[in-house]
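The next block is protein-v4.txt, given as compact mmCIF, C-alpha atoms.
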# COMPACT_ATOMS: atom_id res chain seq x y z
CA MET A 1 31.61 16.57 -9.69
CA ASN A 2 31.94 12.82 -9.44
CA LYS A 3 30.03 10.82 -6.83
CA VAL A 4 30.96 7.39 -8.08
CA VAL A 5 32.26 4.89 -5.55
CA ALA A 6 33.79 1.51 -6.40
CA GLY A 7 30.95 -0.68 -5.17
CA PRO A 8 28.54 -1.57 -2.40
CA ASP A 9 31.13 -2.40 0.27
CA VAL A 10 32.79 0.99 -0.15
CA ALA A 11 29.42 2.72 -0.31
CA VAL A 12 28.32 1.37 3.09
CA ALA A 13 31.78 1.41 4.72
CA ASP A 14 30.92 4.15 7.24
CA ILE A 15 27.56 2.68 8.25
CA THR A 16 28.03 1.73 11.88
CA ASP A 17 26.06 -0.06 14.59
CA GLY A 18 22.95 1.73 15.81
CA VAL A 19 22.30 4.02 12.84
CA THR A 20 18.93 4.70 11.22
CA LEU A 21 18.65 3.60 7.60
CA MET A 22 16.05 4.20 4.94
CA LEU A 23 15.80 1.40 2.41
CA GLY A 24 13.85 1.95 -0.81
CA GLY A 25 11.52 -0.55 -2.44
CA PHE A 26 7.99 -1.88 -2.25
CA GLY A 27 7.96 -5.56 -1.39
CA LEU A 28 10.96 -6.89 -3.29
CA CYS A 29 10.42 -4.44 -6.15
CA GLY A 30 13.11 -1.77 -6.47
CA ILE A 31 15.13 -2.79 -3.40
CA PRO A 32 18.86 -1.96 -3.17
CA GLU A 33 19.99 -5.59 -3.45
CA ASN A 34 23.72 -4.88 -3.63
CA CYS A 35 23.82 -2.64 -0.56
CA ILE A 36 21.67 -5.00 1.50
CA ALA A 37 24.12 -7.80 0.68
CA ALA A 38 27.02 -5.51 1.67
CA LEU A 39 25.34 -4.69 5.00
CA ALA A 40 24.87 -8.40 5.61
CA ARG A 41 28.59 -8.99 4.90
CA LYS A 42 29.58 -6.05 7.11
CA LYS A 43 27.44 -7.42 9.95
CA VAL A 44 26.56 -4.00 11.38
CA ASN A 45 24.04 -4.39 14.18
CA ASP A 46 21.27 -2.58 16.05
CA LEU A 47 19.97 -0.98 12.87
CA THR A 48 16.73 0.93 12.73
CA CYS A 49 15.31 0.40 9.26
CA ILE A 50 12.68 2.63 7.70
CA SER A 51 11.30 0.63 4.80
CA ASN A 52 7.78 -0.05 3.58
CA ASN A 53 8.27 -3.82 3.99
CA ALA A 54 10.72 -6.17 5.67
CA GLY A 55 11.52 -8.43 2.73
CA VAL A 56 10.95 -12.17 2.74
CA ASP A 57 12.82 -14.76 4.84
CA ASP A 58 15.77 -15.18 2.50
CA PHE A 59 15.81 -11.97 0.49
CA GLY A 60 15.76 -8.22 0.92
CA ILE A 61 15.78 -6.96 4.51
CA GLY A 62 15.07 -10.58 5.49
CA LEU A 63 18.80 -11.19 5.00
CA LEU A 64 19.58 -8.63 7.72
CA LEU A 65 16.85 -10.01 9.99
CA GLN A 66 18.28 -13.54 9.66
CA GLN A 67 21.54 -12.31 11.14
CA ARG A 68 19.73 -10.32 13.84
CA GLN A 69 21.20 -7.04 12.58
CA VAL A 70 17.94 -5.11 12.91
CA LYS A 71 16.80 -3.61 16.20
CA LYS A 72 13.71 -1.86 14.90
CA MET A 73 11.61 -1.78 11.73
CA ILE A 74 9.47 1.21 10.78
CA SER A 75 7.16 -0.10 8.05
CA SER A 76 3.59 -0.18 6.80
CA TYR A 77 3.31 -3.89 6.02
CA VAL A 78 5.52 -6.73 7.19
CA GLY A 79 3.37 -9.74 6.43
CA GLU A 80 5.63 -11.88 4.24
CA ASN A 81 8.39 -12.80 6.64
CA ALA A 82 8.41 -15.65 9.20
CA THR A 83 11.82 -14.66 10.63
CA PHE A 84 10.39 -11.24 11.30
CA GLU A 85 7.37 -12.71 13.05
CA ARG A 86 9.50 -14.96 15.26
CA GLN A 87 11.81 -12.15 16.33
CA LEU A 88 8.91 -9.81 16.97
CA LEU A 89 7.09 -12.32 19.17
CA SER A 90 10.28 -13.14 21.10
CA GLY A 91 10.87 -9.44 21.75
CA GLU A 92 14.21 -9.32 19.90
CA LEU A 93 12.81 -6.93 17.34
CA ALA A 94 10.71 -3.78 17.72
CA VAL A 95 8.29 -2.67 15.04
CA GLU A 96 6.49 0.58 14.44
CA LEU A 97 3.69 0.22 11.93
CA ILE A 98 2.61 3.38 10.18
CA PRO A 99 0.27 4.01 7.26
CA GLN A 100 1.92 3.72 3.85
CA GLY A 101 1.02 7.24 2.73
CA THR A 102 2.24 8.65 6.04
CA LEU A 103 5.53 6.79 5.58
CA ALA A 104 5.94 8.20 2.07
CA THR A 105 4.99 11.73 3.05
CA ARG A 106 7.26 11.81 6.12
CA CYS A 107 10.12 11.05 3.69
CA LEU A 108 8.87 13.74 1.32
CA ALA A 109 8.75 16.27 4.17
CA ALA A 110 12.36 15.52 5.11
CA GLY A 111 13.49 15.97 1.52
CA TYR A 112 11.55 19.21 1.17
CA GLY A 113 12.91 20.67 4.40
CA MET A 114 9.57 20.66 6.22
CA PRO A 115 9.50 19.52 9.86
CA ALA A 116 6.09 17.84 9.77
CA ILE A 117 2.90 17.17 7.86
CA TYR A 118 -0.80 16.92 8.66
CA THR A 119 -2.60 13.84 7.38
CA PRO A 120 -6.05 12.35 8.08
CA ALA A 121 -4.67 8.79 7.94
CA GLY A 122 -5.03 7.13 11.32
CA VAL A 123 -7.37 9.67 12.93
CA GLY A 124 -9.54 7.84 15.48
CA THR A 125 -7.30 4.73 15.39
CA GLU A 126 -4.40 3.56 17.54
CA VAL A 127 -2.02 5.31 15.09
CA GLY A 128 -3.33 8.64 16.36
CA ILE A 129 -2.72 7.96 20.05
CA GLY A 130 -0.52 10.64 21.60
CA LYS A 131 -0.33 12.70 18.43
CA GLU A 132 -1.40 16.30 17.97
CA LEU A 133 -4.82 16.51 16.35
CA ARG A 134 -5.87 19.55 14.39
CA ASN A 135 -9.11 20.46 12.70
CA PHE A 136 -9.01 22.11 9.28
CA ASP A 137 -12.37 22.99 7.69
CA GLY A 138 -14.23 20.47 9.83
CA LYS A 139 -11.93 17.51 9.19
CA GLU A 140 -9.37 16.18 11.65
CA TYR A 141 -5.71 15.61 10.86
CA LEU A 142 -2.73 14.12 12.71
CA LEU A 143 0.58 15.89 13.00
CA GLU A 144 3.30 13.54 11.75
CA MET A 145 7.00 14.42 11.92
CA ALA A 146 9.47 14.32 9.04
CA PHE A 147 11.88 11.41 9.26
CA ALA A 148 15.49 11.87 10.24
CA ALA A 149 17.66 9.12 8.78
CA ASP A 150 21.45 8.85 8.91
CA PHE A 151 21.56 7.07 5.57
CA ALA A 152 19.13 6.48 2.74
CA ILE A 153 19.88 3.59 0.42
CA VAL A 154 18.01 3.52 -2.85
CA LYS A 155 17.93 1.61 -6.11
CA ALA A 156 17.44 3.28 -9.48
CA TRP A 157 17.37 2.02 -13.05
CA LYS A 158 19.82 4.51 -14.51
CA GLY A 159 22.07 7.06 -12.92
CA ASP A 160 24.92 9.32 -13.94
CA THR A 161 28.25 10.15 -12.35
CA MET A 162 26.74 13.27 -10.75
CA GLY A 163 24.11 11.22 -8.94
CA ASN A 164 21.10 12.05 -11.11
CA LEU A 165 18.66 9.14 -11.05
CA ILE A 166 15.90 7.63 -13.20
CA TYR A 167 13.68 4.84 -11.92
CA ARG A 168 11.73 2.26 -13.91
CA ALA A 169 8.02 1.38 -13.64
CA THR A 170 6.71 0.58 -10.15
CA ALA A 171 10.28 0.06 -8.91
CA ARG A 172 10.16 3.82 -8.34
CA ASN A 173 7.86 3.60 -5.26
CA PHE A 174 9.68 4.94 -2.17
CA ASN A 175 13.09 5.31 -3.80
CA PRO A 176 12.96 8.97 -4.91
CA LEU A 177 11.40 9.99 -1.58
CA MET A 178 14.02 8.26 0.52
CA ALA A 179 16.77 9.53 -1.78
CA MET A 180 15.75 13.06 -0.78
CA ALA A 181 15.48 12.24 2.91
CA GLY A 182 18.82 10.78 3.98
CA LYS A 183 21.61 12.79 5.57
CA ILE A 184 23.82 10.61 3.36
CA THR A 185 22.16 9.04 0.33
CA ILE A 186 23.63 6.02 -1.43
CA ALA A 187 22.25 5.05 -4.83
CA GLU A 188 22.87 1.79 -6.63
CA VAL A 189 21.85 1.69 -10.29
CA GLU A 190 21.52 -0.93 -12.99
CA GLU A 191 23.28 1.29 -15.48
CA LEU A 192 25.72 4.09 -14.68
CA VAL A 193 26.42 6.60 -17.43
CA PRO A 194 28.65 9.68 -17.72
CA ALA A 195 27.09 13.01 -16.69
CA GLY A 196 25.33 14.59 -19.65
CA GLU A 197 23.95 11.38 -21.10
CA LEU A 198 20.62 11.43 -19.24
CA ASP A 199 17.89 13.71 -20.57
CA PRO A 200 17.59 16.46 -17.90
CA ASP A 201 13.82 16.46 -18.42
CA ALA A 202 13.60 12.75 -17.61
CA ILE A 203 15.56 12.74 -14.33
CA HIS A 204 13.44 11.83 -11.29
CA THR A 205 15.99 12.51 -8.51
CA PRO A 206 18.36 15.46 -8.94
CA GLY A 207 21.91 14.53 -8.01
CA ILE A 208 22.06 17.17 -5.27
CA TYR A 209 20.28 14.64 -3.05
CA VAL A 210 22.72 11.80 -3.84
CA HIS A 211 26.13 11.48 -2.19
CA ARG A 212 27.41 8.15 -3.51
CA ILE A 213 26.52 6.16 -6.59
CA PHE A 214 27.71 2.90 -8.11
CA GLU A 215 26.64 0.45 -10.79
CA GLY A 216 25.31 -2.66 -9.10
CA SER A 217 25.72 -6.19 -10.40
CA GLY A 218 24.00 -9.56 -10.33
CA TYR A 219 20.49 -8.20 -9.82
CA GLU A 220 18.16 -11.04 -8.94
CA LYS A 221 14.96 -8.92 -9.03
CA ARG A 222 12.96 -11.62 -7.35
CA ILE A 223 9.21 -11.68 -7.99
CA GLU A 224 7.07 -12.10 -4.88
CA GLN A 225 3.75 -13.04 -6.50
CA ARG A 226 4.12 -14.33 -10.05
CA THR A 227 0.68 -13.96 -11.61
CA THR A 228 -0.06 -14.57 -15.29
CA ARG A 229 -3.00 -14.93 -17.65
CA ARG A 230 -3.52 -17.45 -20.42
CA ASP A 231 -4.81 -15.63 -23.49
CA MET B 1 -29.04 -17.80 -2.79
CA ALA B 2 -26.18 -15.84 -1.33
CA LEU B 3 -24.02 -14.03 -3.88
CA THR B 4 -20.74 -15.53 -4.99
CA LYS B 5 -17.60 -13.42 -4.72
CA GLU B 6 -17.84 -12.84 -8.47
CA GLN B 7 -21.43 -11.61 -8.09
CA ILE B 8 -20.43 -9.24 -5.29
CA ALA B 9 -17.79 -7.84 -7.64
CA GLN B 10 -20.32 -7.68 -10.47
CA ARG B 11 -22.73 -5.70 -8.29
CA ILE B 12 -20.01 -3.26 -7.20
CA ALA B 13 -19.07 -2.73 -10.85
CA ARG B 14 -22.52 -1.15 -11.32
CA GLU B 15 -21.30 1.74 -9.16
CA LEU B 16 -18.63 2.62 -11.75
CA LYS B 17 -19.14 5.66 -13.94
CA GLN B 18 -17.52 6.91 -17.12
CA GLY B 19 -14.18 8.58 -16.37
CA PHE B 20 -13.76 7.16 -12.86
CA TYR B 21 -10.34 6.66 -11.29
CA VAL B 22 -10.68 3.65 -9.00
CA ASN B 23 -8.53 1.95 -6.38
CA LEU B 24 -9.33 -1.72 -5.83
CA GLY B 25 -8.11 -3.51 -2.72
CA ILE B 26 -6.92 -7.10 -2.45
CA GLY B 27 -9.42 -9.98 -2.58
CA ILE B 28 -13.00 -9.56 -3.85
CA PRO B 29 -12.36 -5.89 -4.79
CA THR B 30 -9.72 -7.00 -7.34
CA LEU B 31 -12.45 -8.99 -9.15
CA VAL B 32 -14.37 -5.77 -9.88
CA ALA B 33 -11.86 -5.12 -12.70
CA ASN B 34 -13.37 -8.08 -14.58
CA TYR B 35 -16.80 -6.42 -14.73
CA ILE B 36 -16.02 -2.90 -15.95
CA PRO B 37 -18.77 -2.29 -18.57
CA LYS B 38 -17.57 -2.46 -22.17
CA GLY B 39 -16.84 0.97 -23.61
CA MET B 40 -16.61 2.66 -20.21
CA ASP B 41 -13.32 4.42 -19.47
CA VAL B 42 -12.27 3.48 -15.95
CA VAL B 43 -8.64 3.92 -14.86
CA LEU B 44 -7.34 1.65 -12.11
CA GLN B 45 -4.96 3.13 -9.57
CA SER B 46 -2.43 0.93 -7.78
CA GLU B 47 -1.15 2.74 -4.71
CA ASN B 48 2.44 1.54 -5.17
CA GLY B 49 2.61 4.05 -7.99
CA LEU B 50 0.58 3.38 -11.14
CA LEU B 51 -2.46 4.75 -12.92
CA GLY B 52 -3.66 2.53 -15.73
CA MET B 53 -3.22 -0.96 -14.34
CA GLY B 54 -3.90 -3.76 -16.82
CA PRO B 55 -4.44 -7.51 -16.44
CA PHE B 56 -1.82 -10.07 -15.40
CA PRO B 57 0.93 -10.55 -18.00
CA LEU B 58 1.12 -13.52 -20.36
CA GLU B 59 3.36 -16.27 -19.07
CA GLY B 60 6.99 -15.40 -19.79
CA LYS B 61 6.19 -11.68 -19.98
CA GLU B 62 6.37 -11.01 -16.23
CA ASP B 63 8.37 -7.89 -15.30
CA ALA B 64 9.82 -7.76 -11.77
CA ASP B 65 9.66 -3.94 -11.90
CA LEU B 66 5.94 -3.94 -12.65
CA ILE B 67 3.73 -5.08 -9.79
CA ASN B 68 0.50 -4.03 -8.08
CA ALA B 69 -0.11 -3.20 -4.43
CA GLY B 70 -0.60 -6.93 -3.75
CA LYS B 71 2.93 -7.50 -5.15
CA GLN B 72 1.49 -9.43 -8.11
CA THR B 73 2.99 -9.08 -11.58
CA ILE B 74 0.72 -6.96 -13.78
CA THR B 75 0.69 -5.01 -17.05
CA THR B 76 -0.15 -1.45 -17.99
CA VAL B 77 -2.82 -0.18 -20.37
CA LYS B 78 -2.68 2.65 -22.90
CA GLY B 79 -2.12 6.01 -21.21
CA SER B 80 -0.67 4.58 -18.03
CA VAL B 81 1.71 6.54 -15.82
CA PHE B 82 4.10 5.73 -12.98
CA PHE B 83 4.80 7.95 -9.96
CA ASP B 84 6.31 7.72 -6.50
CA SER B 85 4.48 6.67 -3.34
CA ALA B 86 4.05 10.23 -2.01
CA MET B 87 2.30 11.36 -5.19
CA SER B 88 0.24 8.18 -5.15
CA PHE B 89 -1.13 8.91 -1.69
CA GLY B 90 -1.22 12.60 -2.55
CA MET B 91 -3.78 12.00 -5.29
CA ILE B 92 -5.73 9.78 -2.88
CA ARG B 93 -5.59 12.35 -0.07
CA ALA B 94 -6.57 15.16 -2.43
CA GLY B 95 -9.73 13.29 -3.39
CA LYS B 96 -8.77 12.72 -7.03
CA VAL B 97 -9.55 9.01 -6.84
CA ASN B 98 -13.32 8.68 -7.36
CA LEU B 99 -13.93 5.30 -5.78
CA THR B 100 -12.14 2.96 -3.39
CA VAL B 101 -13.28 -0.62 -2.96
CA LEU B 102 -11.85 -2.65 -0.11
CA GLY B 103 -12.49 -5.64 2.09
CA ALA B 104 -13.24 -5.51 5.82
CA MET B 105 -13.41 -7.67 8.90
CA GLU B 106 -16.02 -5.42 10.54
CA VAL B 107 -18.06 -2.33 9.65
CA SER B 108 -20.06 -0.31 12.18
CA ASP B 109 -23.47 1.24 11.55
CA THR B 110 -21.78 4.66 11.65
CA GLY B 111 -19.36 3.72 8.87
CA ASP B 112 -16.29 2.84 10.95
CA ILE B 113 -14.15 0.09 9.44
CA ALA B 114 -11.76 -2.49 10.92
CA ASN B 115 -9.66 -4.47 8.48
CA TRP B 116 -6.02 -4.54 9.54
CA LYS B 117 -5.43 -6.13 12.90
CA ILE B 118 -6.70 -8.97 15.07
CA PRO B 119 -5.45 -8.81 18.68
CA GLY B 120 -3.48 -11.93 19.57
CA LYS B 121 -2.64 -12.69 15.96
CA MET B 122 0.48 -11.65 14.06
CA VAL B 123 0.08 -8.05 13.00
CA LYS B 124 1.05 -7.57 9.39
CA GLY B 125 0.38 -3.87 9.14
CA MET B 126 -2.13 -1.51 7.64
CA GLY B 127 -0.29 -0.86 4.38
CA GLY B 128 -2.21 1.87 2.60
CA ALA B 129 -5.62 1.05 4.09
CA MET B 130 -5.67 3.85 6.68
CA ASP B 131 -4.67 6.45 4.09
CA LEU B 132 -7.30 5.20 1.66
CA VAL B 133 -10.21 5.16 4.11
CA ALA B 134 -9.29 8.52 5.64
CA SER B 135 -9.28 10.29 2.30
CA ALA B 136 -11.27 8.50 -0.37
CA ARG B 137 -14.36 10.35 -1.55
CA ASN B 138 -16.43 7.21 -1.89
CA ILE B 139 -15.67 3.94 -0.14
CA ILE B 140 -17.48 0.69 -0.88
CA VAL B 141 -16.78 -2.33 1.28
CA ALA B 142 -16.95 -5.79 -0.26
CA MET B 143 -17.24 -8.56 2.31
CA MET B 144 -19.18 -11.55 3.59
CA HIS B 145 -22.14 -10.61 5.78
CA THR B 146 -20.97 -12.92 8.58
CA ASN B 147 -17.60 -14.31 9.66
CA PRO B 148 -16.73 -18.04 9.41
CA LYS B 149 -18.31 -18.55 12.87
CA GLY B 150 -21.59 -17.13 11.56
CA GLU B 151 -21.30 -13.88 13.54
CA SER B 152 -22.39 -10.62 11.98
CA LYS B 153 -19.69 -8.38 10.54
CA LEU B 154 -22.14 -5.43 10.48
CA LEU B 155 -22.01 -4.18 14.04
CA PRO B 156 -23.23 -1.37 16.30
CA ALA B 157 -19.52 -0.66 16.94
CA CYS B 158 -16.38 -2.39 15.70
CA THR B 159 -14.73 -4.70 18.24
CA LEU B 160 -11.41 -4.93 16.35
CA PRO B 161 -8.86 -2.09 16.15
CA LEU B 162 -10.14 0.54 13.73
CA THR B 163 -8.71 1.37 10.33
CA GLY B 164 -10.82 4.50 10.00
CA VAL B 165 -13.88 6.22 11.43
CA ARG B 166 -17.13 7.27 9.73
CA CYS B 167 -15.77 6.63 6.25
CA VAL B 168 -17.66 3.71 4.65
CA LYS B 169 -20.45 4.80 2.31
CA LYS B 170 -21.79 1.51 0.96
CA ILE B 171 -21.44 -2.20 1.67
CA VAL B 172 -22.00 -5.10 -0.70
CA THR B 173 -22.11 -8.47 1.04
CA ASP B 174 -23.10 -11.94 -0.10
CA LEU B 175 -26.60 -11.22 1.26
CA ALA B 176 -27.33 -7.55 0.69
CA VAL B 177 -26.46 -4.08 -0.53
CA LEU B 178 -26.59 -1.46 2.21
CA ASP B 179 -25.54 2.12 2.71
CA ILE B 180 -24.73 4.05 5.85
CA THR B 181 -27.22 6.63 7.09
CA ASN B 182 -27.57 8.62 10.32
CA ASP B 183 -29.95 5.88 11.47
CA GLY B 184 -27.55 3.03 10.76
CA PHE B 185 -27.34 0.53 7.90
CA ARG B 186 -30.06 1.03 5.29
CA LEU B 187 -31.03 -2.03 3.30
CA LEU B 188 -31.10 -1.23 -0.42
CA GLU B 189 -31.11 -4.59 -2.18
CA ARG B 190 -31.10 -8.23 -1.21
CA ALA B 191 -29.49 -11.29 -2.80
CA PRO B 192 -31.87 -13.48 -4.85
CA GLY B 193 -34.03 -15.55 -2.50
CA VAL B 194 -32.60 -14.02 0.66
CA THR B 195 -35.32 -12.60 2.90
CA VAL B 196 -35.32 -9.33 4.80
CA GLU B 197 -35.75 -11.42 7.96
CA GLU B 198 -32.52 -13.34 7.31
CA ILE B 199 -30.62 -10.11 6.65
CA ARG B 200 -32.09 -8.60 9.80
CA ALA B 201 -31.07 -11.66 11.82
CA LYS B 202 -27.51 -11.48 10.50
CA THR B 203 -27.08 -7.72 10.96
CA ALA B 204 -26.07 -6.85 14.52
CA GLY B 205 -25.99 -3.07 13.98
CA ARG B 206 -29.05 -0.85 13.51
CA LEU B 207 -30.84 -1.74 10.29
CA VAL B 208 -33.30 0.48 8.47
CA VAL B 209 -35.73 -1.31 6.15
CA ALA B 210 -38.09 1.04 4.33
CA GLY B 211 -40.68 -0.25 1.86
CA GLU B 212 -40.16 -3.07 -0.60
CA ILE B 213 -36.54 -4.18 -0.91
CA PRO B 214 -35.76 -5.22 -4.48
CA GLU B 215 -33.99 -8.47 -5.24
CA LEU B 216 -30.65 -8.23 -7.05
CA GLN B 217 -30.83 -9.25 -10.69
CA PHE B 218 -27.97 -10.79 -12.63
CA SER B 219 -28.10 -11.32 -16.35
Translate this structure into structure tokens?
Amino acid sequence: MNKVVAGPDVAVADITDGVTLMLGGFGLCGIPENCIAALARKKVNDLTCISNNAGVDDFGIGLLLQQRQVKKMISSYVGENATFERQLLSGELAVELIPQGTLATRCLAAGYGMPAIYTPAGVGTEVGIGKELRNFDGKEYLLEMAFAADFAIVKAWKGDTMGNLIYRATARNFNPLMAMAGKITIAEVEELVPAGELDPDAIHTPGIYVHRIFEGSGYEKRIEQRTTRRD
Amino acid sequence: MALTKEQIAQRIARELKQGFYVNLGIGIPTLVANYIPKGMDVVLQSENGLLGMGPFPLEGKEDADLINAGKQTITTVKGSVFFDSAMSFGMIRAGKVNLTVLGAMEVSDTGDIANWKIPGKMVKGMGGAMDLVASARNIIVAMMHTNPKGESKLLPACTLPLTGVRCVKKIVTDLAVLDITNDGFRLLERAPGVTVEEIRAKTAGRLVVAGEIPELQFS
């Protein structure tokens, strides 16, 4: 079984206007840089993007926002992007803010074949408005639905030709969860190896969840907040 | 003398216990890491997927794949482990994290907290704050007692959109240490030279003052 495609443009070729995408990453850490660039080149529009953040003005999902390709963002924190703010205030862009753990777990539920989860996050706040509330052992929980996404686009450190994936450090974040949750999952990796070369015990995402894989190139891996110490 | 941000962090560090797993929010809470008592094993959790967060890296050693929840470059310490965001909030939701320290714009005398949204201003999002406050076993808020206009941030009820309800256990401000009781805020300690009267004047919510209130000591 070989899931390798030639590159990002081929991988996203059937992504059309109006679809719902999941995009892995936390801030700019572990984002699928190659596929985002391909989507920007392809100029597909009216996208709904499920992603923890919305990138910065000139990188990550910010590149899609600049070209007004995004109709709606579903995120937990979108604070680093002036383009985003402008489009939101002008009404061009819709945003649904949801708690980070809820975002992660709604992906998990989709990948595990469960229709919904109960979580206490957001009980008694505006996040809970209109949602089913249920009491378990004296504590209240909100019913939150599993996500349905047409495509999930993730970035891994290493992958093999069968789509098995390994992530590195905190670049893991939402990637394995979204990889499980897409109807079609596209993985870009820093290093693509033949099947059999990855230690089966070390694989984070089993290839059954991955439909297309390619080795990306030119990773910029931009750092959002460069903090260092002296000694 | 009101406490400095460092002193607020120093005071909160006294709440740490051997073997604690702790999640520190952005701002003053981050400073608590500098005051973990020598020899005490405390593991820092970063909700983007790390247990065992270490200090910032040396210059030139930054790793774009290794950041904290504030998107700052960091390091790991011995015994650290990475995991995905669902497991990260899973361990928080399951009550495995012993202590959460976070900042706030407002706290009510019933323990409600508001720290994510100001109507009329650009909304950035709640990030992991709602998950943390809804699930953490013990939540300490680190904040100034009043806002820049001099208005109390300790209120009978929050005026800003809530992050969570009845969840805050203790508050350390520049003026006082308080906990939340059924009768409102209870004054536990006061900053050096700050009077009970001043704290009372700057606390809009119900305030319980019982007996002598000790002054905070810093070595």
Non-local contacts of A:Arg230 (8 Å; only C-alpha atoms; under 2 positions in same chain excluded) as a list of chain:residue names: A:Thr228, B:Leu58, B:Glu59
Spatial neighbours of stretch 6-8 of chain B, 7 Å, all atoms listed in the file, chain gap at least 3 places, as a PyMOL selection string: chain B and resi 3+11-12+31+172-174
Proximal residues of chain A relative to chain B (all atoms listed in the file; 8 Å) as number ranges by chain: A: 26-27, 29-30, 75-79, 85, 97-102, 104-105, 108, 120-126, 168-177, 221-231
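Relative to atom CA of B:Ala191, atom CA of B:Lys17 is found at 22.8 Å.
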Could you work out how far atom CA of A:Val44 lies from atom CA of A:Met73, giving the answer in Å with one decimal? 15.1 Å
Between B:Gly150, B:Gly184, B:Pro156, B:Pro192, which one has atoms that come closest to B:Ala204, using all atoms listed in the file?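 With all atoms listed in the file as the atom set, the closest residue is B:Pro156.
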Using all atoms listed in the file, tabulate the residues of stretch 119-169 of chain A lying at most 10 Å from any atom of stretch 191-205 of chain A, each with its closest atom pair and that distance in Å to one decimal, by chain and increasing residue number, as a Markdown table.
| residue | atom | partner | partner_atom | distance |
| --- | --- | --- | --- | --- |
| A:Ala156 | CA | A:Glu191 | CA | 8.6 |
| A:Trp157 | CA | A:Glu191 | CA | 6.4 |
| A:Lys158 | CA | A:Glu191 | CA | 4.8 |
| A:Gly159 | CA | A:Leu192 | CA | 5.0 |
| A:Asp160 | CA | A:Val193 | CA | 4.7 |
| A:Thr161 | CA | A:Ala195 | CA | 5.3 |
| A:Met162 | CA | A:Ala195 | CA | 6.0 |
| A:Gly163 | CA | A:Thr205 | CA | 8.2 |
| A:Asn164 | CA | A:Thr205 | CA | 5.8 |
| A:Leu165 | CA | A:Thr205 | CA | 5.0 |
| A:Ile166 | CA | A:His204 | CA | 5.2 |
| A:Tyr167 | CA | A:His204 | CA | 7.0 |
Quick one: everything within 7 Å of A:Ile74, counting all atoms listed in the file, minus sequence neighbours fewer than 2 positions away in the same chain. Send it as a list in words.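 My list of contacting residues is Cys49, Ile50, Ser51, Lys72, Val95, Glu96 and Leu97 of chain A.
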Restricting the calculation to all atoms listed in the file, which member of B:Lys117, B:Gly95, B:Met143, B:Val77 is positioned closest to B:Ile28? B:Met143
Atom pair atom CA of B:Thr30 / atom CA of B:Leu155: separation (Å):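 Straight-line distance from atom CA of B:Thr30 to atom CA of B:Leu155 works out to 24.8 Å.
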Excluding A:Thr20 and residues on its chain fewer than 3 positions from it, collect all residues at most 12 Å away from it, counting only C-alpha atoms, and give them as a list in words.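 Non-adjacent residues within range: Ile15, Thr16, Asp17, Leu23, Val44, Asn45, Asp46, Leu47, Thr48, Cys49, Ile50, Ser51, Val70, Lys71, Lys72, Met73, Ile74, Phe147, Ala148, Ala149, Asp150, Phe151, Ala152, Ile153, Ala181, Gly182, Lys183 and Ile184 of chain A.
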Contacts of B:Leu207 within 8 Å, all atoms listed in the file, excl. fewer than 6 positions in-chain, as number ranges by chain: B: 183-187, 200
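The smallest atom-to-atom distance between B:Val97 and any of B:Cys167, B:Ala201, B:Leu51, B:Leu160, using only C-alpha atoms, is found for B:Leu51.
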Kindly indicate which residue among A:Val127, A:Val4, A:Val56, A:Leu63 lies nearest to A:Gly207, using only C-alpha atoms for the distances.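 Comparing A:Val127, A:Val4, A:Val56, A:Leu63 against A:Gly207, the winner is A:Val4.
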